[in-house]
>>> print(open('structure_19.pdb').read())   # PDB, C-alpha atoms and all ligand atoms
ATOM      1  CA  MET J  72     -45.319  -1.256  -2.294  1.00  0.00           C
ATOM      2  CA  GLN J  73     -42.295  -1.154  -4.588  1.00  0.00           C
ATOM      3  CA  LEU J  74     -41.708  -3.507  -7.517  1.00  0.00           C
ATOM      4  CA  THR J  75     -38.229  -3.746  -9.050  1.00  0.00           C
ATOM      5  CA  VAL J  76     -37.672  -5.733 -12.237  1.00  0.00           C
ATOM      6  CA  LEU J  77     -34.401  -7.625 -11.895  1.00  0.00           C
ATOM      7  CA  GLY J  78     -34.935  -9.766 -14.977  1.00  0.00           C
ATOM      8  CA  CYS J  79     -37.775 -10.172 -17.489  1.00  0.00           C
ATOM      9  CA  SER J  80     -36.222 -11.544 -20.660  1.00  0.00           C
ATOM     10  CA  GLY J  81     -36.808 -14.824 -22.438  1.00  0.00           C
ATOM     11  CA  GLY J  82     -33.042 -15.342 -22.601  1.00  0.00           C
ATOM     12  CA  ILE J  83     -29.676 -14.043 -21.504  1.00  0.00           C
ATOM     13  CA  GLY J  84     -27.169 -11.602 -22.979  1.00  0.00           C
ATOM     14  CA  ALA J  85     -25.614  -8.262 -22.091  1.00  0.00           C
ATOM     15  CA  GLY J  86     -28.242  -6.292 -20.152  1.00  0.00           C
ATOM     16  CA  LEU J  87     -30.708  -9.177 -20.229  1.00  0.00           C
ATOM     17  CA  GLY J  88     -31.632 -11.480 -17.361  1.00  0.00           C
ATOM     18  CA  THR J  89     -34.371 -14.058 -16.959  1.00  0.00           C
ATOM     19  CA  THR J  90     -37.399 -13.667 -14.724  1.00  0.00           C
ATOM     20  CA  SER J  91     -36.986 -12.247 -11.242  1.00  0.00           C
ATOM     21  CA  LEU J  92     -39.184  -9.577  -9.642  1.00  0.00           C
ATOM     22  CA  LEU J  93     -38.348  -7.908  -6.313  1.00  0.00           C
ATOM     23  CA  ILE J  94     -41.213  -6.782  -4.052  1.00  0.00           C
ATOM     24  CA  ASP J  95     -39.984  -4.081  -1.639  1.00  0.00           C
ATOM     25  CA  ASP J  96     -36.577  -5.363  -0.532  1.00  0.00           C
ATOM     26  CA  ASP J  97     -37.348  -8.767   0.970  1.00  0.00           C
ATOM     27  CA  ILE J  98     -39.515 -10.799  -1.445  1.00  0.00           C
ATOM     28  CA  LEU J  99     -38.553 -12.294  -4.801  1.00  0.00           C
ATOM     29  CA  ILE J 100     -40.977 -13.733  -7.287  1.00  0.00           C
ATOM     30  CA  ASP J 101     -38.884 -16.207  -9.279  1.00  0.00           C
ATOM     31  CA  CYS J 102     -35.134 -16.371  -9.151  1.00  0.00           C
ATOM     32  CA  GLY J 103     -33.937 -16.367 -12.734  1.00  0.00           C
ATOM     33  CA  THR J 104     -30.582 -14.960 -13.770  1.00  0.00           C
ATOM     34  CA  GLY J 105     -31.860 -11.395 -13.231  1.00  0.00           C
ATOM     35  CA  ALA J 106     -31.553 -11.954  -9.467  1.00  0.00           C
ATOM     36  CA  GLY J 107     -27.781 -11.830  -9.984  1.00  0.00           C
ATOM     37  CA  GLN J 108     -28.175  -8.053 -10.435  1.00  0.00           C
ATOM     38  CA  LEU J 109     -28.625  -7.620  -6.676  1.00  0.00           C
ATOM     39  CA  SER J 110     -25.700  -6.399  -4.590  1.00  0.00           C
ATOM     40  CA  LEU J 111     -24.567  -8.647  -1.755  1.00  0.00           C
ATOM     41  CA  GLU J 112     -26.205  -6.260   0.726  1.00  0.00           C
ATOM     42  CA  ALA J 113     -29.504  -6.305  -1.174  1.00  0.00           C
ATOM     43  CA  MET J 114     -29.342 -10.087  -1.503  1.00  0.00           C
ATOM     44  CA  ALA J 115     -28.902 -10.412   2.253  1.00  0.00           C
ATOM     45  CA  ARG J 116     -32.183  -8.526   2.828  1.00  0.00           C
ATOM     46  CA  LEU J 117     -34.189 -11.208   0.988  1.00  0.00           C
ATOM     47  CA  ARG J 118     -36.405 -13.319   3.273  1.00  0.00           C
ATOM     48  CA  HIS J 119     -38.819 -15.039   0.858  1.00  0.00           C
ATOM     49  CA  VAL J 120     -38.718 -16.442  -2.676  1.00  0.00           C
ATOM     50  CA  PHE J 121     -41.990 -17.344  -4.422  1.00  0.00           C
ATOM     51  CA  ILE J 122     -41.599 -19.706  -7.379  1.00  0.00           C
ATOM     52  CA  THR J 123     -43.972 -19.809 -10.360  1.00  0.00           C
ATOM     53  CA  HIS J 124     -42.563 -23.060 -11.784  1.00  0.00           C
ATOM     54  CA  THR J 125     -39.357 -25.024 -12.074  1.00  0.00           C
ATOM     55  CA  HIS J 126     -38.186 -24.172 -15.585  1.00  0.00           C
ATOM     56  CA  LEU J 127     -34.536 -23.157 -15.458  1.00  0.00           C
ATOM     57  CA  ASP J 128     -35.088 -19.556 -16.547  1.00  0.00           C
ATOM     58  CA  HIS J 129     -37.135 -19.037 -13.336  1.00  0.00           C
ATOM     59  CA  ILE J 130     -34.866 -20.797 -10.829  1.00  0.00           C
ATOM     60  CA  ALA J 131     -31.350 -20.596 -12.309  1.00  0.00           C
ATOM     61  CA  ALA J 132     -29.994 -18.179  -9.701  1.00  0.00           C
ATOM     62  CA  LEU J 133     -31.650 -19.829  -6.681  1.00  0.00           C
ATOM     63  CA  PRO J 134     -28.916 -22.411  -5.948  1.00  0.00           C
ATOM     64  CA  LEU J 135     -26.196 -19.784  -6.394  1.00  0.00           C
ATOM     65  CA  LEU J 136     -28.025 -17.212  -4.283  1.00  0.00           C
ATOM     66  CA  ILE J 137     -28.403 -19.646  -1.379  1.00  0.00           C
ATOM     67  CA  ASP J 138     -24.732 -20.590  -1.611  1.00  0.00           C
ATOM     68  CA  THR J 139     -23.698 -16.922  -1.708  1.00  0.00           C
ATOM     69  CA  LEU J 140     -25.796 -16.135   1.400  1.00  0.00           C
ATOM     70  CA  PHE J 141     -24.809 -19.262   3.318  1.00  0.00           C
ATOM     71  CA  ASP J 142     -23.230 -17.414   6.261  1.00  0.00           C
ATOM     72  CA  GLN J 143     -25.996 -14.799   6.564  1.00  0.00           C
ATOM     73  CA  LEU J 144     -28.786 -17.409   6.422  1.00  0.00           C
ATOM     74  CA  GLN J 145     -27.579 -19.482   9.360  1.00  0.00           C
ATOM     75  CA  GLY J 146     -30.148 -19.044  12.113  1.00  0.00           C
ATOM     76  CA  ARG J 147     -32.484 -17.039   9.815  1.00  0.00           C
ATOM     77  CA  PRO J 148     -33.312 -19.303   6.881  1.00  0.00           C
ATOM     78  CA  LEU J 149     -34.609 -18.109   3.540  1.00  0.00           C
ATOM     79  CA  THR J 150     -38.145 -19.385   2.841  1.00  0.00           C
ATOM     80  CA  VAL J 151     -38.930 -20.741  -0.623  1.00  0.00           C
ATOM     81  CA  HIS J 152     -42.681 -20.832  -1.329  1.00  0.00           C
ATOM     82  CA  ALA J 153     -43.708 -23.199  -4.117  1.00  0.00           C
ATOM     83  CA  GLN J 154     -46.317 -25.741  -5.133  1.00  0.00           C
ATOM     84  CA  PRO J 155     -45.596 -29.245  -3.761  1.00  0.00           C
ATOM     85  CA  GLU J 156     -44.900 -30.482  -7.319  1.00  0.00           C
ATOM     86  CA  SER J 157     -42.252 -27.781  -7.763  1.00  0.00           C
ATOM     87  CA  ILE J 158     -40.640 -28.548  -4.407  1.00  0.00           C
ATOM     88  CA  GLU J 159     -40.345 -32.194  -5.405  1.00  0.00           C
ATOM     89  CA  VAL J 160     -38.632 -31.260  -8.673  1.00  0.00           C
ATOM     90  CA  LEU J 161     -36.173 -28.898  -6.975  1.00  0.00           C
ATOM     91  CA  ARG J 162     -35.263 -31.480  -4.336  1.00  0.00           C
ATOM     92  CA  THR J 163     -34.920 -34.340  -6.803  1.00  0.00           C
ATOM     93  CA  HIS J 164     -33.173 -32.608  -9.674  1.00  0.00           C
ATOM     94  CA  VAL J 165     -31.313 -29.589  -8.285  1.00  0.00           C
ATOM     95  CA  PHE J 166     -30.561 -29.813  -4.553  1.00  0.00           C
ATOM     96  CA  ASN J 167     -29.530 -33.463  -4.802  1.00  0.00           C
ATOM     97  CA  TRP J 168     -25.783 -33.285  -4.024  1.00  0.00           C
ATOM     98  CA  GLN J 169     -25.015 -33.939  -7.704  1.00  0.00           C
ATOM     99  CA  VAL J 170     -26.169 -30.747  -9.368  1.00  0.00           C
ATOM    100  CA  TRP J 171     -25.858 -28.738  -6.137  1.00  0.00           C
ATOM    101  CA  PRO J 172     -25.599 -29.414  -2.379  1.00  0.00           C
ATOM    102  CA  ASP J 173     -28.840 -29.981  -0.500  1.00  0.00           C
ATOM    103  CA  PHE J 174     -28.968 -26.692   1.376  1.00  0.00           C
ATOM    104  CA  PHE J 175     -32.198 -27.873   2.975  1.00  0.00           C
ATOM    105  CA  GLU J 176     -29.954 -30.070   5.150  1.00  0.00           C
ATOM    106  CA  LEU J 177     -27.070 -27.626   5.654  1.00  0.00           C
ATOM    107  CA  PRO J 178     -25.348 -26.880   7.934  1.00  0.00           C
ATOM    108  CA  ASP J 179     -27.528 -29.607   9.483  1.00  0.00           C
ATOM    109  CA  ARG J 180     -31.065 -30.968   9.117  1.00  0.00           C
ATOM    110  CA  ASP J 181     -32.400 -29.185  12.180  1.00  0.00           C
ATOM    111  CA  HIS J 182     -30.977 -25.779  11.249  1.00  0.00           C
ATOM    112  CA  PRO J 183     -31.036 -25.477   7.443  1.00  0.00           C
ATOM    113  CA  VAL J 184     -30.217 -22.194   5.711  1.00  0.00           C
ATOM    114  CA  VAL J 185     -33.280 -22.524   3.502  1.00  0.00           C
ATOM    115  CA  ARG J 186     -36.669 -24.095   3.990  1.00  0.00           C
ATOM    116  CA  PHE J 187     -39.538 -24.961   1.660  1.00  0.00           C
ATOM    117  CA  GLU J 188     -43.056 -23.759   2.397  1.00  0.00           C
ATOM    118  CA  PRO J 189     -45.614 -25.674   0.284  1.00  0.00           C
ATOM    119  CA  MET J 190     -48.203 -23.300  -1.155  1.00  0.00           C
ATOM    120  CA  SER J 191     -51.315 -23.758  -3.268  1.00  0.00           C
ATOM    121  CA  PRO J 192     -53.787 -21.605  -5.166  1.00  0.00           C
ATOM    122  CA  GLY J 193     -56.579 -20.389  -2.925  1.00  0.00           C
ATOM    123  CA  THR J 194     -54.385 -20.032   0.170  1.00  0.00           C
ATOM    124  CA  PRO J 195     -52.842 -16.538   0.256  1.00  0.00           C
ATOM    125  CA  VAL J 196     -49.671 -15.841   2.248  1.00  0.00           C
ATOM    126  CA  GLU J 197     -49.541 -12.593   4.226  1.00  0.00           C
ATOM    127  CA  LEU J 198     -46.130 -11.052   4.939  1.00  0.00           C
ATOM    128  CA  GLY J 199     -45.888  -7.691   6.651  1.00  0.00           C
ATOM    129  CA  GLY J 200     -48.837  -6.080   4.906  1.00  0.00           C
ATOM    130  CA  ARG J 201     -48.206  -7.730   1.532  1.00  0.00           C
ATOM    131  CA  THR J 202     -50.370 -10.665   0.473  1.00  0.00           C
ATOM    132  CA  LEU J 203     -49.345 -13.088  -2.277  1.00  0.00           C
ATOM    133  CA  GLU J 204     -51.784 -15.521  -3.823  1.00  0.00           C
ATOM    134  CA  MET J 205     -51.085 -18.198  -6.427  1.00  0.00           C
ATOM    135  CA  ILE J 206     -53.246 -18.363  -9.560  1.00  0.00           C
ATOM    136  CA  PRO J 207     -53.075 -21.552 -11.660  1.00  0.00           C
ATOM    137  CA  VAL J 208     -52.163 -21.037 -15.315  1.00  0.00           C
ATOM    138  CA  ASN J 209     -51.547 -23.261 -18.351  1.00  0.00           C
ATOM    139  CA  HIS J 210     -47.900 -24.112 -19.064  1.00  0.00           C
ATOM    140  CA  ALA J 211     -45.835 -27.206 -19.869  1.00  0.00           C
ATOM    141  CA  VAL J 212     -45.228 -27.990 -16.165  1.00  0.00           C
ATOM    142  CA  PRO J 213     -47.325 -27.141 -13.072  1.00  0.00           C
ATOM    143  CA  THR J 214     -47.217 -23.338 -13.030  1.00  0.00           C
ATOM    144  CA  VAL J 215     -48.852 -20.452 -11.210  1.00  0.00           C
ATOM    145  CA  GLY J 216     -49.020 -16.706 -11.593  1.00  0.00           C
ATOM    146  CA  TYR J 217     -49.263 -14.441  -8.556  1.00  0.00           C
ATOM    147  CA  CYS J 218     -51.621 -11.754  -7.373  1.00  0.00           C
ATOM    148  CA  VAL J 219     -49.798  -9.377  -4.997  1.00  0.00           C
ATOM    149  CA  ARG J 220     -51.784  -7.026  -2.781  1.00  0.00           C
ATOM    150  CA  GLY J 221     -50.019  -4.352  -0.760  1.00  0.00           C
ATOM    151  CA  GLY J 222     -51.017  -0.912   0.522  1.00  0.00           C
ATOM    152  CA  GLU J 223     -53.787   0.295  -1.755  1.00  0.00           C
ATOM    153  CA  SER J 224     -52.547  -1.576  -4.816  1.00  0.00           C
ATOM    154  CA  VAL J 225     -52.944  -4.891  -6.601  1.00  0.00           C
ATOM    155  CA  ILE J 226     -50.351  -6.292  -9.016  1.00  0.00           C
ATOM    156  CA  ALA J 227     -50.764  -9.495 -11.022  1.00  0.00           C
ATOM    157  CA  PHE J 228     -48.016 -11.492 -12.732  1.00  0.00           C
ATOM    158  CA  SER J 229     -48.968 -14.238 -15.195  1.00  0.00           C
ATOM    159  CA  GLY J 230     -45.922 -16.473 -14.822  1.00  0.00           C
ATOM    160  CA  ASP J 231     -45.425 -18.542 -17.996  1.00  0.00           C
ATOM    161  CA  THR J 232     -48.686 -19.482 -19.661  1.00  0.00           C
ATOM    162  CA  THR J 233     -50.645 -19.903 -22.831  1.00  0.00           C
ATOM    163  CA  SER J 234     -54.424 -19.591 -23.324  1.00  0.00           C
ATOM    164  CA  ASN J 235     -56.392 -20.209 -20.143  1.00  0.00           C
ATOM    165  CA  ASP J 236     -59.478 -19.080 -18.266  1.00  0.00           C
ATOM    166  CA  SER J 237     -58.167 -19.455 -14.703  1.00  0.00           C
ATOM    167  CA  LEU J 238     -55.943 -16.373 -14.679  1.00  0.00           C
ATOM    168  CA  TRP J 239     -58.532 -14.081 -16.239  1.00  0.00           C
ATOM    169  CA  GLU J 240     -61.395 -15.337 -14.071  1.00  0.00           C
ATOM    170  CA  ALA J 241     -59.272 -14.862 -10.941  1.00  0.00           C
ATOM    171  CA  LEU J 242     -58.306 -11.334 -11.974  1.00  0.00           C
ATOM    172  CA  ASN J 243     -61.908 -10.450 -12.801  1.00  0.00           C
ATOM    173  CA  ARG J 244     -62.857 -11.463  -9.238  1.00  0.00           C
ATOM    174  CA  GLU J 245     -60.437  -8.846  -7.840  1.00  0.00           C
ATOM    175  CA  PRO J 246     -62.186  -5.583  -6.938  1.00  0.00           C
ATOM    176  CA  GLN J 247     -59.285  -3.698  -8.539  1.00  0.00           C
ATOM    177  CA  LEU J 248     -56.172  -4.398 -10.584  1.00  0.00           C
ATOM    178  CA  ASP J 249     -53.575  -1.642 -10.896  1.00  0.00           C
ATOM    179  CA  MET J 250     -50.802  -3.389 -12.771  1.00  0.00           C
ATOM    180  CA  LEU J 251     -50.609  -6.538 -14.893  1.00  0.00           C
ATOM    181  CA  ILE J 252     -47.371  -8.164 -16.009  1.00  0.00           C
ATOM    182  CA  VAL J 253     -48.171 -10.781 -18.627  1.00  0.00           C
ATOM    183  CA  GLU J 254     -45.908 -12.918 -20.742  1.00  0.00           C
ATOM    184  CA  CYS J 255     -45.788 -13.017 -24.537  1.00  0.00           C
ATOM    185  CA  ALA J 256     -42.798 -15.160 -25.409  1.00  0.00           C
ATOM    186  CA  PHE J 257     -43.196 -15.614 -29.154  1.00  0.00           C
ATOM    187  CA  ALA J 258     -44.179 -13.688 -32.297  1.00  0.00           C
ATOM    188  CA  ASN J 259     -47.263 -14.686 -34.311  1.00  0.00           C
ATOM    189  CA  GLU J 260     -45.056 -16.393 -36.896  1.00  0.00           C
ATOM    190  CA  GLU J 261     -44.147 -18.879 -34.155  1.00  0.00           C
ATOM    191  CA  ARG J 262     -47.727 -19.588 -33.121  1.00  0.00           C
ATOM    192  CA  ALA J 263     -47.272 -23.370 -33.505  1.00  0.00           C
ATOM    193  CA  LEU J 264     -44.170 -23.351 -31.319  1.00  0.00           C
ATOM    194  CA  SER J 265     -45.837 -21.131 -28.712  1.00  0.00           C
ATOM    195  CA  ASP J 266     -48.761 -23.585 -28.539  1.00  0.00           C
ATOM    196  CA  ILE J 267     -46.414 -26.548 -28.027  1.00  0.00           C
ATOM    197  CA  ALA J 268     -44.261 -24.721 -25.458  1.00  0.00           C
ATOM    198  CA  ARG J 269     -47.436 -23.299 -23.870  1.00  0.00           C
ATOM    199  CA  HIS J 270     -46.553 -19.645 -24.083  1.00  0.00           C
ATOM    200  CA  TYR J 271     -48.583 -16.766 -25.465  1.00  0.00           C
ATOM    201  CA  CYS J 272     -48.031 -15.152 -28.834  1.00  0.00           C
ATOM    202  CA  PRO J 273     -49.763 -11.817 -29.657  1.00  0.00           C
ATOM    203  CA  GLU J 274     -52.809 -13.519 -31.246  1.00  0.00           C
ATOM    204  CA  THR J 275     -53.516 -15.827 -28.326  1.00  0.00           C
ATOM    205  CA  LEU J 276     -52.814 -13.145 -25.732  1.00  0.00           C
ATOM    206  CA  GLY J 277     -55.182 -10.792 -27.522  1.00  0.00           C
ATOM    207  CA  VAL J 278     -58.034 -13.293 -27.257  1.00  0.00           C
ATOM    208  CA  ASP J 279     -57.415 -13.711 -23.518  1.00  0.00           C
ATOM    209  CA  LEU J 280     -56.827 -10.044 -22.660  1.00  0.00           C
ATOM    210  CA  ALA J 281     -60.286  -9.348 -24.104  1.00  0.00           C
ATOM    211  CA  LYS J 282     -61.690 -11.362 -21.161  1.00  0.00           C
ATOM    212  CA  LEU J 283     -60.246  -8.903 -18.596  1.00  0.00           C
ATOM    213  CA  ARG J 284     -62.767  -6.417 -17.254  1.00  0.00           C
ATOM    214  CA  HIS J 285     -60.080  -4.198 -15.641  1.00  0.00           C
ATOM    215  CA  ARG J 286     -57.876  -1.696 -17.456  1.00  0.00           C
ATOM    216  CA  PRO J 287     -54.594  -1.949 -15.518  1.00  0.00           C
ATOM    217  CA  GLN J 288     -51.213  -0.633 -16.629  1.00  0.00           C
ATOM    218  CA  THR J 289     -50.119  -3.650 -18.649  1.00  0.00           C
ATOM    219  CA  TYR J 290     -46.502  -4.666 -19.204  1.00  0.00           C
ATOM    220  CA  ILE J 291     -45.285  -7.488 -21.439  1.00  0.00           C
ATOM    221  CA  THR J 292     -42.569  -9.834 -20.189  1.00  0.00           C
ATOM    222  CA  HIS J 293     -40.604 -12.926 -21.306  1.00  0.00           C
ATOM    223  CA  LEU J 294     -40.096 -11.645 -24.869  1.00  0.00           C
ATOM    224  CA  LYS J 295     -37.837 -13.939 -26.858  1.00  0.00           C
ATOM    225  CA  SER J 296     -34.354 -12.435 -27.110  1.00  0.00           C
ATOM    226  CA  GLY J 297     -33.873 -10.762 -30.492  1.00  0.00           C
ATOM    227  CA  ASP J 298     -37.626 -10.728 -31.243  1.00  0.00           C
ATOM    228  CA  GLU J 299     -38.629  -8.059 -28.726  1.00  0.00           C
ATOM    229  CA  GLU J 300     -39.481  -5.296 -31.214  1.00  0.00           C
ATOM    230  CA  ARG J 301     -41.424  -7.590 -33.544  1.00  0.00           C
ATOM    231  CA  ILE J 302     -43.552  -9.065 -30.742  1.00  0.00           C
ATOM    232  CA  MET J 303     -44.281  -5.636 -29.238  1.00  0.00           C
ATOM    233  CA  ALA J 304     -45.237  -4.245 -32.679  1.00  0.00           C
ATOM    234  CA  GLN J 305     -47.669  -7.133 -33.235  1.00  0.00           C
ATOM    235  CA  LEU J 306     -49.209  -6.619 -29.798  1.00  0.00           C
ATOM    236  CA  GLN J 307     -49.565  -2.860 -30.226  1.00  0.00           C
ATOM    237  CA  THR J 308     -51.063  -3.229 -33.715  1.00  0.00           C
ATOM    238  CA  GLY J 309     -53.532  -5.870 -32.544  1.00  0.00           C
ATOM    239  CA  MET J 310     -54.619  -4.073 -29.356  1.00  0.00           C
ATOM    240  CA  PRO J 311     -53.791  -0.350 -29.682  1.00  0.00           C
ATOM    241  CA  GLU J 312     -56.422   0.515 -27.050  1.00  0.00           C
ATOM    242  CA  ARG J 313     -54.580  -1.434 -24.342  1.00  0.00           C
ATOM    243  CA  GLY J 314     -51.472   0.786 -24.325  1.00  0.00           C
ATOM    244  CA  LEU J 315     -49.262  -2.251 -23.841  1.00  0.00           C
ATOM    245  CA  ARG J 316     -45.710  -1.524 -22.744  1.00  0.00           C
ATOM    246  CA  ARG J 317     -42.566  -3.606 -22.680  1.00  0.00           C
ATOM    247  CA  LEU J 318     -41.258  -4.503 -19.226  1.00  0.00           C
ATOM    248  CA  ARG J 319     -37.523  -3.821 -18.858  1.00  0.00           C
ATOM    249  CA  SER J 320     -34.858  -4.933 -16.428  1.00  0.00           C
ATOM    250  CA  GLY J 321     -34.199  -2.110 -13.980  1.00  0.00           C
ATOM    251  CA  ASP J 322     -37.757  -0.768 -14.069  1.00  0.00           C
ATOM    252  CA  VAL J 323     -38.912   0.354 -10.607  1.00  0.00           C
ATOM    253  CA  PHE J 324     -42.605   0.910  -9.874  1.00  0.00           C
ATOM    254  CA  GLN J 325     -44.095   2.543  -6.773  1.00  0.00           C
ATOM    255  CA  LEU J 326     -47.643   1.351  -6.276  1.00  0.00           C
TER     256      LEU J 326
HETATM  257 ZN    ZN J 401     -41.611 -22.000 -18.363  1.00  0.00          ZN
HETATM  258 ZN    ZN J 402     -39.920 -18.964 -18.627  1.00  0.00          ZN
END
>>> encode(input="structure_19.pdb", output="structure tokens")
Amino acid sequence: MQLTVLGCSGGIGAGLGTTSLLIDDDILIDCGTGAGQLSLEAMARLRHVFITHTHLDHIAALPLLIDTLFDQLQGRPLTVHAQPESIEVLRTHVFNWQVWPDFFELPDRDHPVVRFEPMSPGTPVELGGRTLEMIPVNHAVPTVGYCVRGGESVIAFSGDTTSNDSLWEALNREPQLDMLIVECAFANEERALSDIARHYCPETLGVDLAKLRHRPQTYITHLKSGDEERIMAQLQTGMPERGLRRLRSGDVFQL
């Protein structure tokens, strides 16, 4: 299984894109602005998009990607996997003919270029030897992380979350965990804001990481633009034994 980081930043700017992870060459987890890094040929190989939640930094490129691939997707629609609550939000507030055309009815209702597949925690989806399973987390809107199993390896991605038990209990039930990508959006000085926005800061992540019985390679994502070094320094000082590393756009992992 190959994991390519298209975007993993908390904001945009030169060299920075928001959350989008590519599994092999056909599956995206989230479709933030980082997905715009793909060439047209690479974009055309996508078959599935799994959404963690509907915040703009995780879906911003989805409407544009579908529009860009309109010709290629006729007769072989892209499948968007999301919780029913997320599907409702996307249909009501994005693909509503006002913000963007409803590609779920184009070119016609019987042959759309994209289709929604409702998905829930506890019901894994198997795609060509890769299995994706939603894990509920604790964020400002209904949000999941994902556990991805493929070949001999298991990868987990937290999505956006603050303190919770569900993610860590689910990961502790896995027989193995090779790689963990976990968010830490804010520095400790912004603890109050991180609590309100329901993101981790180094202090709260440290409390939760202590619950994890595995010792996976652990990468930090969703760092606030401009605060990356400060947040990573606080994490590494607080948990030197974890060997925490910063996830970067363009990283490619073979697992
Ligand atoms: Zn969010
Ligand atoms: Zn986010």
>>> atom_distance(input="structure_19.pdb", atom1="atom CA of J:Asn243", atom2="atom CA of J:Ile226")
12.9 Å
>>> closest_residue(input="structure_19.pdb", among="J:Thr289, J:Gln108, J:Thr89, J:Thr150", to="J:Ile137", atoms="only C-alpha atoms")
J:Thr150
>>> closest_residue(input="structure_19.pdb", among="J:Ala113, J:Ile252, J:Ile130, J:Leu93", to="ligand ZN 401 (chain J)", atoms="all atoms listed in the file")
J:Ile130
>>> atom_distance(input="structure_19.pdb", atom1="atom CA of J:Asp266", atom2="atom CA of J:Gly105")
25.9 Å
>>> residues_around(input="structure_19.pdb", residues="J:Leu276", least_positions_apart="2", cutoff="9 Å", atoms="only C-alpha atoms", output="number ranges by chain")
J: 233-234, 253-255, 271-274, 278-281, 306
>>> closest_atom_pairs(input="structure_19.pdb", of="chain J", to="ligand ZN 401 (chain J)", cutoff="8 Å", atoms="all atoms listed in the file", output="tab-separated table")
residue	atom	partner	partner_atom	distance
J:His124	CA	J:ZN401	ZN	6.7
J:Thr125	CA	J:ZN401	ZN	7.3
J:His126	CA	J:ZN401	ZN	4.9
J:Leu127	CA	J:ZN401	ZN	7.7
J:Asp128	CA	J:ZN401	ZN	7.2
J:His129	CA	J:ZN401	ZN	7.4
J:His210	CA	J:ZN401	ZN	6.7
J:Ala211	CA	J:ZN401	ZN	6.9
J:Val212	CA	J:ZN401	ZN	7.3
J:Thr214	CA	J:ZN401	ZN	7.9
J:Gly230	CA	J:ZN401	ZN	7.9
J:Asp231	CA	J:ZN401	ZN	5.2
J:Thr232	CA	J:ZN401	ZN	7.6
J:His270	CA	J:ZN401	ZN	7.9
>>> residues_around(input="structure_19.pdb", residues="J:Phe121", least_positions_apart="2", cutoff="8 Å", atoms="only C-alpha atoms", output="tab-separated table (two decimals) with C-alpha atoms, keeping the file's coordinate frame")
chain	number	residue	atom	x	y	z
J	98	ILE	CA	-39.52	-10.80	-1.44
J	99	LEU	CA	-38.55	-12.29	-4.80
J	100	ILE	CA	-40.98	-13.73	-7.29
J	101	ASP	CA	-38.88	-16.21	-9.28
J	119	HIS	CA	-38.82	-15.04	0.86
J	123	THR	CA	-43.97	-19.81	-10.36
J	151	VAL	CA	-38.93	-20.74	-0.62
J	152	HIS	CA	-42.68	-20.83	-1.33
J	153	ALA	CA	-43.71	-23.20	-4.12
>>> atom_distance(input="structure_19.pdb", atom1="atom CA of J:Arg317", atom2="atom CA of J:Ile83")
16.6 Å
>>> resolve_selection(input="structure_19.pdb", expression="the PyMOL selection byres (((chain J and resi 115) around 9) and not hetatm)", output="list in words")
Asp97, Ser110, Leu111, Glu112, Ala113, Met114, Arg116, Leu117, Arg118, Leu140, Gln143 and Leu144 of chain J
>>> resolve_selection(input="structure_19.pdb", expression="the PyMOL selection byres (((chain J and resi 166-179) around 10) and not hetatm)", output="ChimeraX atom specification")
/J:134-135,137-138,141-142,145,148,160-165,180-187
>>> residues_near_point(input="structure_19.pdb", point="(-51.3, -2.1, -3.6)", cutoff="10 Å", atoms="only C-alpha atoms", output="VMD selection string")
chain J and resid 72 to 73 200 to 202 219 to 226 247 to 250 325 to 326
>>> closest_residue(input="structure_19.pdb", among="J:Gln305, J:Ser157, J:Ser237, J:Thr292", to="ligand ZN 402 (chain J)", atoms="all atoms listed in the file")
J:Thr292
>>> closest_residue(input="structure_19.pdb", among="J:Thr75, J:Asn259, J:Asn235, J:Ser229", to="J:Met303", atoms="only C-alpha atoms")
J:Asn259
>>> closest_residue(input="structure_19.pdb", among="J:Ile94, J:Leu238, J:Ala268, J:Ile158", to="ligand ZN 402 (chain J)", atoms="all atoms listed in the file")
J:Ala268
>>> resolve_selection(input="structure_19.pdb", expression="the PyMOL selection byres (((chain J and resi 241) around 10) and not hetatm)", output="list in words")
Met205, Ile206, Pro207, Cys218, Asp236, Ser237, Leu238, Trp239, Glu240, Leu242, Asn243, Arg244, Glu245 and Leu283 of chain J
>>> closest_residue(input="structure_19.pdb", among="J:Gly82, J:Gly321, J:Gly314, J:Pro246", to="ligand ZN 402 (chain J)", atoms="only C-alpha atoms and all ligand atoms")
J:Gly82
>>> residues_near_point(input="structure_19.pdb", point="(-31.5, -3.1, -17.6)", cutoff="8 Å", atoms="all atoms listed in the file", output="compact mmCIF listing (two decimals) with C-alpha atoms, in the frame of the given file")
# COMPACT_ATOMS: atom_id res chain seq x y z
CA LEU J 77 -34.40 -7.62 -11.90
CA GLY J 78 -34.94 -9.77 -14.98
CA GLY J 86 -28.24 -6.29 -20.15
CA LEU J 87 -30.71 -9.18 -20.23
CA ARG J 319 -37.52 -3.82 -18.86
CA SER J 320 -34.86 -4.93 -16.43
CA GLY J 321 -34.20 -2.11 -13.98
CA ASP J 322 -37.76 -0.77 -14.07
